[in-house]
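Below is one structure, written out as structure tokens; comments come after it.
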Amino acid sequence: MSQTPVLALRGIFKRFGAVQVLSGVDLEVHAGEVVALVGDNGAGKSTLVKTIAGVHPIDEGVIEWEGRPVGISRPQDSQALGVATVYQDLALCDNLDVVANLFLGRELKKGGVLDEVAMEKRAKDLLSTLSIRIPSVRIPVAALSGGQRQVVAIARALVGDPKIVILDEPTAALGVEQTAQVLDLVERLREQGLGVILISHNMADVKAVADTVAVLRLGRNNGTFPVAGTTHEEIIAAITGATDNAVTRRQARTAEAAQ
């Protein structure tokens, strides 16, 4: 892993009117690293991600890209740096095929017309590189399963050759097999040297693919943990702000009942 992070947030503050949503948040993402961003509802995860994506410009703090301060005031700034974001709603067009979705808004042209052959070849190459199995790149997205739709959305984010990929709850509402497909893809992104920010409430997914867990609580950092050597209980305690919480109490009752 490189010493200088690809993306670093230093002391990020963000408020909406009188509501302080983020207070002095720090975050680092290195090339080839999966950072899981976790926290309860309202902890500030989505807002933090949207500051990186350029949806909500920061009020205070510094965003560094490969060691130098940068300004991100709109989504185009973020994309130009090399940040790709896959939101929970995926924003796919059901009536279009896989190729059209991958290149939507950045279609390849030749002689003033769409170069369908080049786009189809690039689509197949990209999906093959990521080991994504789709019945055909020419079937409508509406015909795909939930897991296949998710990996198509992630593949679309990679068309612009980003260095950082943000995934907002990529396994929400997916079945076991579909979740495994998405987690496999996250691991392949890491193998290709991309930095990944994974927002998730699923601790099993976090433990399965993340290298580092960054916990937000009430808009502040509440711990950054290496996944290796950190227990599920320690992460839950950081998320809830106490070692005595519903998860640990349930585990204690289960342990007592087993004795």
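Following the order of the structure tokens, first chain is A, next is B, and so on, with residues numbered from 1 inside each chain and ligands from 1 in the order they appear.
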Give one line per residue of stretch 63-100 of chain A that approaches stretch 192-208 of chain A to at most 12 Å, naming the two atoms of the closest pair and their distance in Å to one decimal, counting only C-alpha atoms; sort by chain then ascending residue number and deliver it as a tab-separated table.
```
residue	atom	partner	partner_atom	distance
A:Glu66	CA	A:Gly195	CA	11.8
A:Gly82	CA	A:Leu194	CA	10.3
A:Val83	CA	A:Gly195	CA	9.5
A:Ala84	CA	A:Val196	CA	9.7
A:Thr85	CA	A:Ile197	CA	9.3
A:Val86	CA	A:Leu198	CA	10.1
A:Tyr87	CA	A:Ile199	CA	10.0
A:Gln88	CA	A:Ile199	CA	9.9
```
Could you please take those selected residues and save N, CA and C atoms as a PDB file, in the first residue's frame?
```pdb
ATOM      1  N   GLU A  66      -3.790  12.835  -3.746  1.00  0.00           N
ATOM      2  CA  GLU A  66      -2.410  12.424  -3.970  1.00  0.00           C
ATOM      3  C   GLU A  66      -1.426  13.419  -3.340  1.00  0.00           C
ATOM      4  N   GLY A  82     -10.894  11.855 -10.497  1.00  0.00           N
ATOM      5  CA  GLY A  82     -10.853  10.401 -10.601  1.00  0.00           C
ATOM      6  C   GLY A  82     -11.662   9.704  -9.534  1.00  0.00           C
ATOM      7  N   VAL A  83     -12.774  10.338  -9.120  1.00  0.00           N
ATOM      8  CA  VAL A  83     -13.683   9.740  -8.134  1.00  0.00           C
ATOM      9  C   VAL A  83     -14.962   9.319  -8.845  1.00  0.00           C
ATOM     10  N   ALA A  84     -15.360   8.070  -8.662  1.00  0.00           N
ATOM     11  CA  ALA A  84     -16.618   7.568  -9.218  1.00  0.00           C
ATOM     12  C   ALA A  84     -17.509   7.116  -8.070  1.00  0.00           C
ATOM     13  N   THR A  85     -18.771   7.514  -8.118  1.00  0.00           N
ATOM     14  CA  THR A  85     -19.700   7.193  -7.040  1.00  0.00           C
ATOM     15  C   THR A  85     -20.864   6.363  -7.567  1.00  0.00           C
ATOM     16  N   VAL A  86     -21.156   5.264  -6.880  1.00  0.00           N
ATOM     17  CA  VAL A  86     -22.312   4.430  -7.217  1.00  0.00           C
ATOM     18  C   VAL A  86     -23.304   4.549  -6.064  1.00  0.00           C
ATOM     19  N   TYR A  87     -24.396   5.276  -6.309  1.00  0.00           N
ATOM     20  CA  TYR A  87     -25.386   5.498  -5.266  1.00  0.00           C
ATOM     21  C   TYR A  87     -26.310   4.292  -5.129  1.00  0.00           C
ATOM     22  N   GLN A  88     -27.055   4.294  -4.039  1.00  0.00           N
ATOM     23  CA  GLN A  88     -27.884   3.131  -3.711  1.00  0.00           C
ATOM     24  C   GLN A  88     -28.975   2.890  -4.752  1.00  0.00           C
TER      25      GLN A  88
END
```
Quiz prompt | Spatial neighbours of stretch 188-191 of chain A, 10 Å, only C-alpha atoms, chain gap at least 5 places, as a list of chain:residue names | solution = A:Ala31, A:Gly32, A:Glu33, A:Val34, A:Thr129, A:Leu130, A:Ser131, A:Ile154, A:Leu158, A:Lys163, A:Ile164, A:Val165, A:Val182, A:Leu183, A:Val196, A:Val209, A:Ala210, A:Asp211
Atoms to include: N, CA, C and O atoms. Write the selected residues as a CSV table (one decimal), in the first residue's frame.
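As written to disk, part39.csv reads:
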```csv
chain,number,residue,atom,x,y,z
A,31,ALA,N,-4.4,3.7,-2.4
A,31,ALA,CA,-4.6,2.8,-3.6
A,31,ALA,C,-4.6,1.4,-3.1
A,31,ALA,O,-3.8,1.0,-2.3
A,32,GLY,N,-5.5,0.6,-3.7
A,32,GLY,CA,-5.6,-0.8,-3.3
A,32,GLY,C,-6.1,-1.1,-1.9
A,32,GLY,O,-5.8,-2.1,-1.3
A,33,GLU,N,-6.9,-0.2,-1.4
A,33,GLU,CA,-7.4,-0.3,0.0
A,33,GLU,C,-8.9,-0.2,-0.1
A,33,GLU,O,-9.4,0.7,-0.7
A,34,VAL,N,-9.6,-1.0,0.7
A,34,VAL,CA,-11.0,-0.9,0.9
A,34,VAL,C,-11.3,-0.4,2.3
A,34,VAL,O,-11.0,-1.0,3.3
A,129,THR,N,-12.7,-8.2,-17.7
A,129,THR,CA,-11.7,-7.8,-16.8
A,129,THR,C,-12.1,-8.0,-15.3
A,129,THR,O,-11.4,-8.4,-14.5
A,130,LEU,N,-13.4,-7.6,-15.1
A,130,LEU,CA,-13.9,-7.7,-13.8
A,130,LEU,C,-14.6,-9.0,-13.4
A,130,LEU,O,-15.1,-9.2,-12.4
A,131,SER,N,-14.5,-10.0,-14.4
A,131,SER,CA,-15.1,-11.3,-14.2
A,131,SER,C,-16.6,-11.2,-14.0
A,131,SER,O,-17.1,-12.0,-13.2
A,154,ILE,N,-21.6,-0.6,-11.0
A,154,ILE,CA,-20.2,-0.4,-10.6
A,154,ILE,C,-19.3,-0.4,-11.9
A,154,ILE,O,-18.4,0.4,-12.0
A,158,LEU,N,-16.6,2.6,-13.7
A,158,LEU,CA,-15.2,2.4,-14.1
A,158,LEU,C,-14.8,2.8,-15.5
A,158,LEU,O,-13.7,2.7,-15.9
A,163,LYS,N,-9.7,6.5,-9.8
A,163,LYS,CA,-8.8,6.0,-8.9
A,163,LYS,C,-9.4,5.6,-7.5
A,163,LYS,O,-8.9,4.8,-6.7
A,164,ILE,N,-10.6,6.3,-7.3
A,164,ILE,CA,-11.4,6.0,-6.1
A,164,ILE,C,-12.8,5.7,-6.5
A,164,ILE,O,-13.4,6.4,-7.3
A,165,VAL,N,-13.3,4.6,-5.9
A,165,VAL,CA,-14.7,4.3,-6.2
A,165,VAL,C,-15.5,4.3,-4.9
A,165,VAL,O,-15.1,3.6,-3.9
A,182,VAL,N,-21.2,-9.2,-5.7
A,182,VAL,CA,-20.8,-7.8,-5.5
A,182,VAL,C,-19.5,-7.8,-4.6
A,182,VAL,O,-18.6,-7.0,-4.9
A,183,LEU,N,-19.4,-8.6,-3.6
A,183,LEU,CA,-18.2,-8.6,-2.8
A,183,LEU,C,-17.0,-9.1,-3.5
A,183,LEU,O,-15.9,-8.6,-3.4
A,196,VAL,N,-11.3,2.0,-2.5
A,196,VAL,CA,-12.7,1.8,-2.5
A,196,VAL,C,-13.2,2.3,-1.1
A,196,VAL,O,-12.7,2.0,-0.1
A,209,VAL,N,-14.5,-8.0,3.2
A,209,VAL,CA,-13.8,-7.3,2.1
A,209,VAL,C,-13.0,-6.1,2.6
A,209,VAL,O,-12.0,-5.7,1.8
A,210,ALA,N,-13.3,-5.5,3.7
A,210,ALA,CA,-12.6,-4.2,4.0
A,210,ALA,C,-11.2,-4.5,4.7
A,210,ALA,O,-11.0,-5.5,5.3
A,211,ASP,N,-10.3,-3.5,4.4
A,211,ASP,CA,-9.0,-3.5,5.1
A,211,ASP,C,-9.1,-2.7,6.4
A,211,ASP,O,-8.5,-3.0,7.4
```
Quiz item: What does the distance from atom CA of A:Glu120 to atom CA of A:Val99 come to in Å, to one decimal?
Solution: 6.0 Å
Quiz item: Nearest to A:Asp168: which of A:Ser46, A:Gln3, A:Thr224, A:Gln79 is it, counting only C-alpha atoms?
Solution: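 Of A:Ser46, A:Gln3, A:Thr224, A:Gln79, the one nearest A:Asp168, counting only C-alpha atoms, is A:Ser46.
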Self-check item: Counting only C-alpha atoms, the residue of A:Val176, A:Ile134, A:Leu90, A:Leu114 that sits nearest A:Arg156
Solution: A:Leu90
What parts of stretch 64-245 of chain A does DSSP call strand (DSSP E)? I'd like the answer as a PDB file with N, CA and C atoms, in the first residue's frame.
```
ATOM      1  N   GLU A  64      -7.438  16.504   0.184  1.00  0.00           N
ATOM      2  CA  GLU A  64      -6.166  16.299  -0.519  1.00  0.00           C
ATOM      3  C   GLU A  64      -6.303  15.152  -1.507  1.00  0.00           C
ATOM      4  N   TRP A  65      -5.722  15.347  -2.692  1.00  0.00           N
ATOM      5  CA  TRP A  65      -5.702  14.314  -3.723  1.00  0.00           C
ATOM      6  C   TRP A  65      -4.245  14.032  -4.071  1.00  0.00           C
ATOM      7  N   ARG A  68      -1.861  16.650  -2.514  1.00  0.00           N
ATOM      8  CA  ARG A  68      -2.005  18.104  -2.737  1.00  0.00           C
ATOM      9  C   ARG A  68      -3.452  18.536  -2.492  1.00  0.00           C
ATOM     10  N   PRO A  69      -3.636  19.714  -1.896  1.00  0.00           N
ATOM     11  CA  PRO A  69      -4.997  20.211  -1.631  1.00  0.00           C
ATOM     12  C   PRO A  69      -5.749  20.478  -2.938  1.00  0.00           C
ATOM     13  N   VAL A  70      -7.006  20.114  -2.955  1.00  0.00           N
ATOM     14  CA  VAL A  70      -7.841  20.342  -4.140  1.00  0.00           C
ATOM     15  C   VAL A  70      -9.186  20.916  -3.685  1.00  0.00           C
ATOM     16  N   VAL A  83     -12.774  10.338  -9.120  1.00  0.00           N
ATOM     17  CA  VAL A  83     -13.683   9.740  -8.134  1.00  0.00           C
ATOM     18  C   VAL A  83     -14.962   9.319  -8.845  1.00  0.00           C
ATOM     19  N   ALA A  84     -15.360   8.070  -8.662  1.00  0.00           N
ATOM     20  CA  ALA A  84     -16.618   7.568  -9.218  1.00  0.00           C
ATOM     21  C   ALA A  84     -17.509   7.116  -8.070  1.00  0.00           C
ATOM     22  N   THR A  85     -18.771   7.514  -8.118  1.00  0.00           N
ATOM     23  CA  THR A  85     -19.700   7.193  -7.040  1.00  0.00           C
ATOM     24  C   THR A  85     -20.864   6.363  -7.567  1.00  0.00           C
ATOM     25  N   VAL A  86     -21.156   5.264  -6.880  1.00  0.00           N
ATOM     26  CA  VAL A  86     -22.312   4.430  -7.217  1.00  0.00           C
ATOM     27  C   VAL A  86     -23.304   4.549  -6.064  1.00  0.00           C
ATOM     28  N   LYS A 109     -18.127   7.919 -30.374  1.00  0.00           N
ATOM     29  CA  LYS A 109     -18.643   8.298 -31.693  1.00  0.00           C
ATOM     30  C   LYS A 109     -17.568   8.147 -32.757  1.00  0.00           C
ATOM     31  N   LYS A 110     -18.023   7.898 -33.962  1.00  0.00           N
ATOM     32  CA  LYS A 110     -17.127   7.763 -35.106  1.00  0.00           C
ATOM     33  C   LYS A 110     -17.822   8.382 -36.310  1.00  0.00           C
ATOM     34  N   VAL A 113     -21.472   9.695 -35.657  1.00  0.00           N
ATOM     35  CA  VAL A 113     -22.527   8.763 -35.237  1.00  0.00           C
ATOM     36  C   VAL A 113     -21.986   7.836 -34.152  1.00  0.00           C
ATOM     37  N   LEU A 114     -22.903   7.216 -33.418  1.00  0.00           N
ATOM     38  CA  LEU A 114     -22.494   6.316 -32.339  1.00  0.00           C
ATOM     39  C   LEU A 114     -21.709   5.133 -32.884  1.00  0.00           C
ATOM     40  N   ILE A 164     -10.588   6.273  -7.280  1.00  0.00           N
ATOM     41  CA  ILE A 164     -11.369   6.024  -6.071  1.00  0.00           C
ATOM     42  C   ILE A 164     -12.799   5.701  -6.488  1.00  0.00           C
ATOM     43  N   VAL A 165     -13.347   4.616  -5.929  1.00  0.00           N
ATOM     44  CA  VAL A 165     -14.739   4.250  -6.190  1.00  0.00           C
ATOM     45  C   VAL A 165     -15.492   4.251  -4.863  1.00  0.00           C
ATOM     46  N   ILE A 166     -16.610   4.979  -4.833  1.00  0.00           N
ATOM     47  CA  ILE A 166     -17.457   5.040  -3.645  1.00  0.00           C
ATOM     48  C   ILE A 166     -18.694   4.188  -3.886  1.00  0.00           C
ATOM     49  N   LEU A 167     -18.940   3.229  -3.004  1.00  0.00           N
ATOM     50  CA  LEU A 167     -20.092   2.331  -3.126  1.00  0.00           C
ATOM     51  C   LEU A 167     -21.019   2.547  -1.931  1.00  0.00           C
ATOM     52  N   ASP A 168     -22.227   3.029  -2.203  1.00  0.00           N
ATOM     53  CA  ASP A 168     -23.199   3.318  -1.152  1.00  0.00           C
ATOM     54  C   ASP A 168     -24.133   2.120  -0.987  1.00  0.00           C
ATOM     55  N   GLY A 195      -8.745   2.531  -4.927  1.00  0.00           N
ATOM     56  CA  GLY A 195      -9.198   2.766  -3.564  1.00  0.00           C
ATOM     57  C   GLY A 195     -10.710   2.680  -3.539  1.00  0.00           C
ATOM     58  N   VAL A 196     -11.264   2.015  -2.535  1.00  0.00           N
ATOM     59  CA  VAL A 196     -12.716   1.821  -2.458  1.00  0.00           C
ATOM     60  C   VAL A 196     -13.222   2.316  -1.109  1.00  0.00           C
ATOM     61  N   ILE A 197     -14.273   3.155  -1.143  1.00  0.00           N
ATOM     62  CA  ILE A 197     -14.988   3.540   0.076  1.00  0.00           C
ATOM     63  C   ILE A 197     -16.312   2.800   0.056  1.00  0.00           C
ATOM     64  N   LEU A 198     -16.510   1.944   1.038  1.00  0.00           N
ATOM     65  CA  LEU A 198     -17.689   1.083   1.096  1.00  0.00           C
ATOM     66  C   LEU A 198     -18.568   1.513   2.268  1.00  0.00           C
ATOM     67  N   ILE A 199     -19.742   2.052   1.964  1.00  0.00           N
ATOM     68  CA  ILE A 199     -20.703   2.372   3.019  1.00  0.00           C
ATOM     69  C   ILE A 199     -21.572   1.143   3.232  1.00  0.00           C
ATOM     70  N   THR A 212      -9.844  -1.565   6.282  1.00  0.00           N
ATOM     71  CA  THR A 212      -9.949  -0.601   7.377  1.00  0.00           C
ATOM     72  C   THR A 212     -11.411  -0.239   7.578  1.00  0.00           C
ATOM     73  N   VAL A 213     -11.791  -0.038   8.840  1.00  0.00           N
ATOM     74  CA  VAL A 213     -13.146   0.414   9.166  1.00  0.00           C
ATOM     75  C   VAL A 213     -13.049   1.795   9.804  1.00  0.00           C
ATOM     76  N   ALA A 214     -13.709   2.776   9.187  1.00  0.00           N
ATOM     77  CA  ALA A 214     -13.773   4.127   9.743  1.00  0.00           C
ATOM     78  C   ALA A 214     -15.181   4.338  10.291  1.00  0.00           C
ATOM     79  N   VAL A 215     -15.264   4.645  11.577  1.00  0.00           N
ATOM     80  CA  VAL A 215     -16.558   4.779  12.246  1.00  0.00           C
ATOM     81  C   VAL A 215     -16.904   6.255  12.434  1.00  0.00           C
ATOM     82  N   LEU A 216     -18.109   6.619  12.013  1.00  0.00           N
ATOM     83  CA  LEU A 216     -18.649   7.950  12.284  1.00  0.00           C
ATOM     84  C   LEU A 216     -19.743   7.822  13.334  1.00  0.00           C
ATOM     85  N   ARG A 217     -19.740   8.766  14.263  1.00  0.00           N
ATOM     86  CA  ARG A 217     -20.813   8.820  15.261  1.00  0.00           C
ATOM     87  C   ARG A 217     -21.168  10.282  15.486  1.00  0.00           C
ATOM     88  N   ARG A 220     -18.894  12.860  13.820  1.00  0.00           N
ATOM     89  CA  ARG A 220     -17.478  12.925  14.201  1.00  0.00           C
ATOM     90  C   ARG A 220     -16.816  11.566  14.022  1.00  0.00           C
ATOM     91  N   ASN A 221     -15.490  11.580  13.875  1.00  0.00           N
ATOM     92  CA  ASN A 221     -14.752  10.319  13.886  1.00  0.00           C
ATOM     93  C   ASN A 221     -14.902   9.650  15.242  1.00  0.00           C
ATOM     94  N   ASN A 222     -15.143   8.358  15.233  1.00  0.00           N
ATOM     95  CA  ASN A 222     -15.192   7.635  16.504  1.00  0.00           C
ATOM     96  C   ASN A 222     -14.361   6.359  16.436  1.00  0.00           C
ATOM     97  N   GLY A 223     -13.266   6.442  15.687  1.00  0.00           N
ATOM     98  CA  GLY A 223     -12.338   5.317  15.616  1.00  0.00           C
ATOM     99  C   GLY A 223     -12.092   4.841  14.201  1.00  0.00           C
ATOM    100  N   THR A 224     -10.841   4.478  13.934  1.00  0.00           N
ATOM    101  CA  THR A 224     -10.457   3.845  12.676  1.00  0.00           C
ATOM    102  C   THR A 224      -9.735   2.552  13.038  1.00  0.00           C
ATOM    103  N   PHE A 225     -10.246   1.429  12.537  1.00  0.00           N
ATOM    104  CA  PHE A 225      -9.762   0.127  12.966  1.00  0.00           C
ATOM    105  C   PHE A 225      -9.274  -0.708  11.784  1.00  0.00           C
ATOM    106  N   PRO A 226      -8.144  -1.390  11.932  1.00  0.00           N
ATOM    107  CA  PRO A 226      -7.795  -2.407  10.928  1.00  0.00           C
ATOM    108  C   PRO A 226      -8.730  -3.596  11.110  1.00  0.00           C
TER     109      PRO A 226
END
```
Practice problem: Pick out the residues sitting within 6 Å of stretch 52-59 of chain A, and hand them over as a PyMOL selection string; count only C-alpha atoms, and ignore anything fewer than 3 positions along from it in its own chain. | Solution: chain A and resi 13-14+49+72-75+78
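Reported to one decimal place, the separation of atom CA of A:Ile235 from atom CA of A:Leu174 is 23.2 Å.
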Quiz prompt | Pairwise distance for atom CA of A:Pro140 and atom CA of A:Gln76, rounded to one decimal in Å | solution =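 Interatomic distance here is 28.0 Å.
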Quiz prompt | Given only C-alpha atoms as the counted atoms, nearest of A:Gly71, A:Val186, A:Ala142, A:Ala157 to A:Gly105 | solution =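 Smallest distance to A:Gly105 is found for A:Ala157.
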Self-check item: Nearest to A:Arg250 by atom-to-atom distance, counting only C-alpha atoms, from A:Lys50, A:Glu233, A:Ala143, A:Leu92
Solution: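 Among the listed residues, the smallest separation from A:Arg250 belongs to A:Glu233.
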Practice problem: Please provide as a PyMOL selection string all residues within 10 Å of A:Val98, with the sequence filter that same-chain residues fewer than 3 positions apart are discarded (counting only C-alpha atoms). | Solution: chain A and resi 92-95+101-104+120+123-124+134+136-142+144+149+152-153+156
Quiz item: Where does DSSP see helix (DSSP H, G or I) in stretch 165-226 of chain A, if you list the residues as a list in words?
Solution: Val176, Glu177, Gln178, Thr179, Ala180, Gln181, Val182, Leu183, Asp184, Leu185, Val186, Glu187, Arg188, Leu189, Arg190, Glu191, Met203, Ala204, Asp205, Val206, Lys207, Ala208 and Val209 of chain A
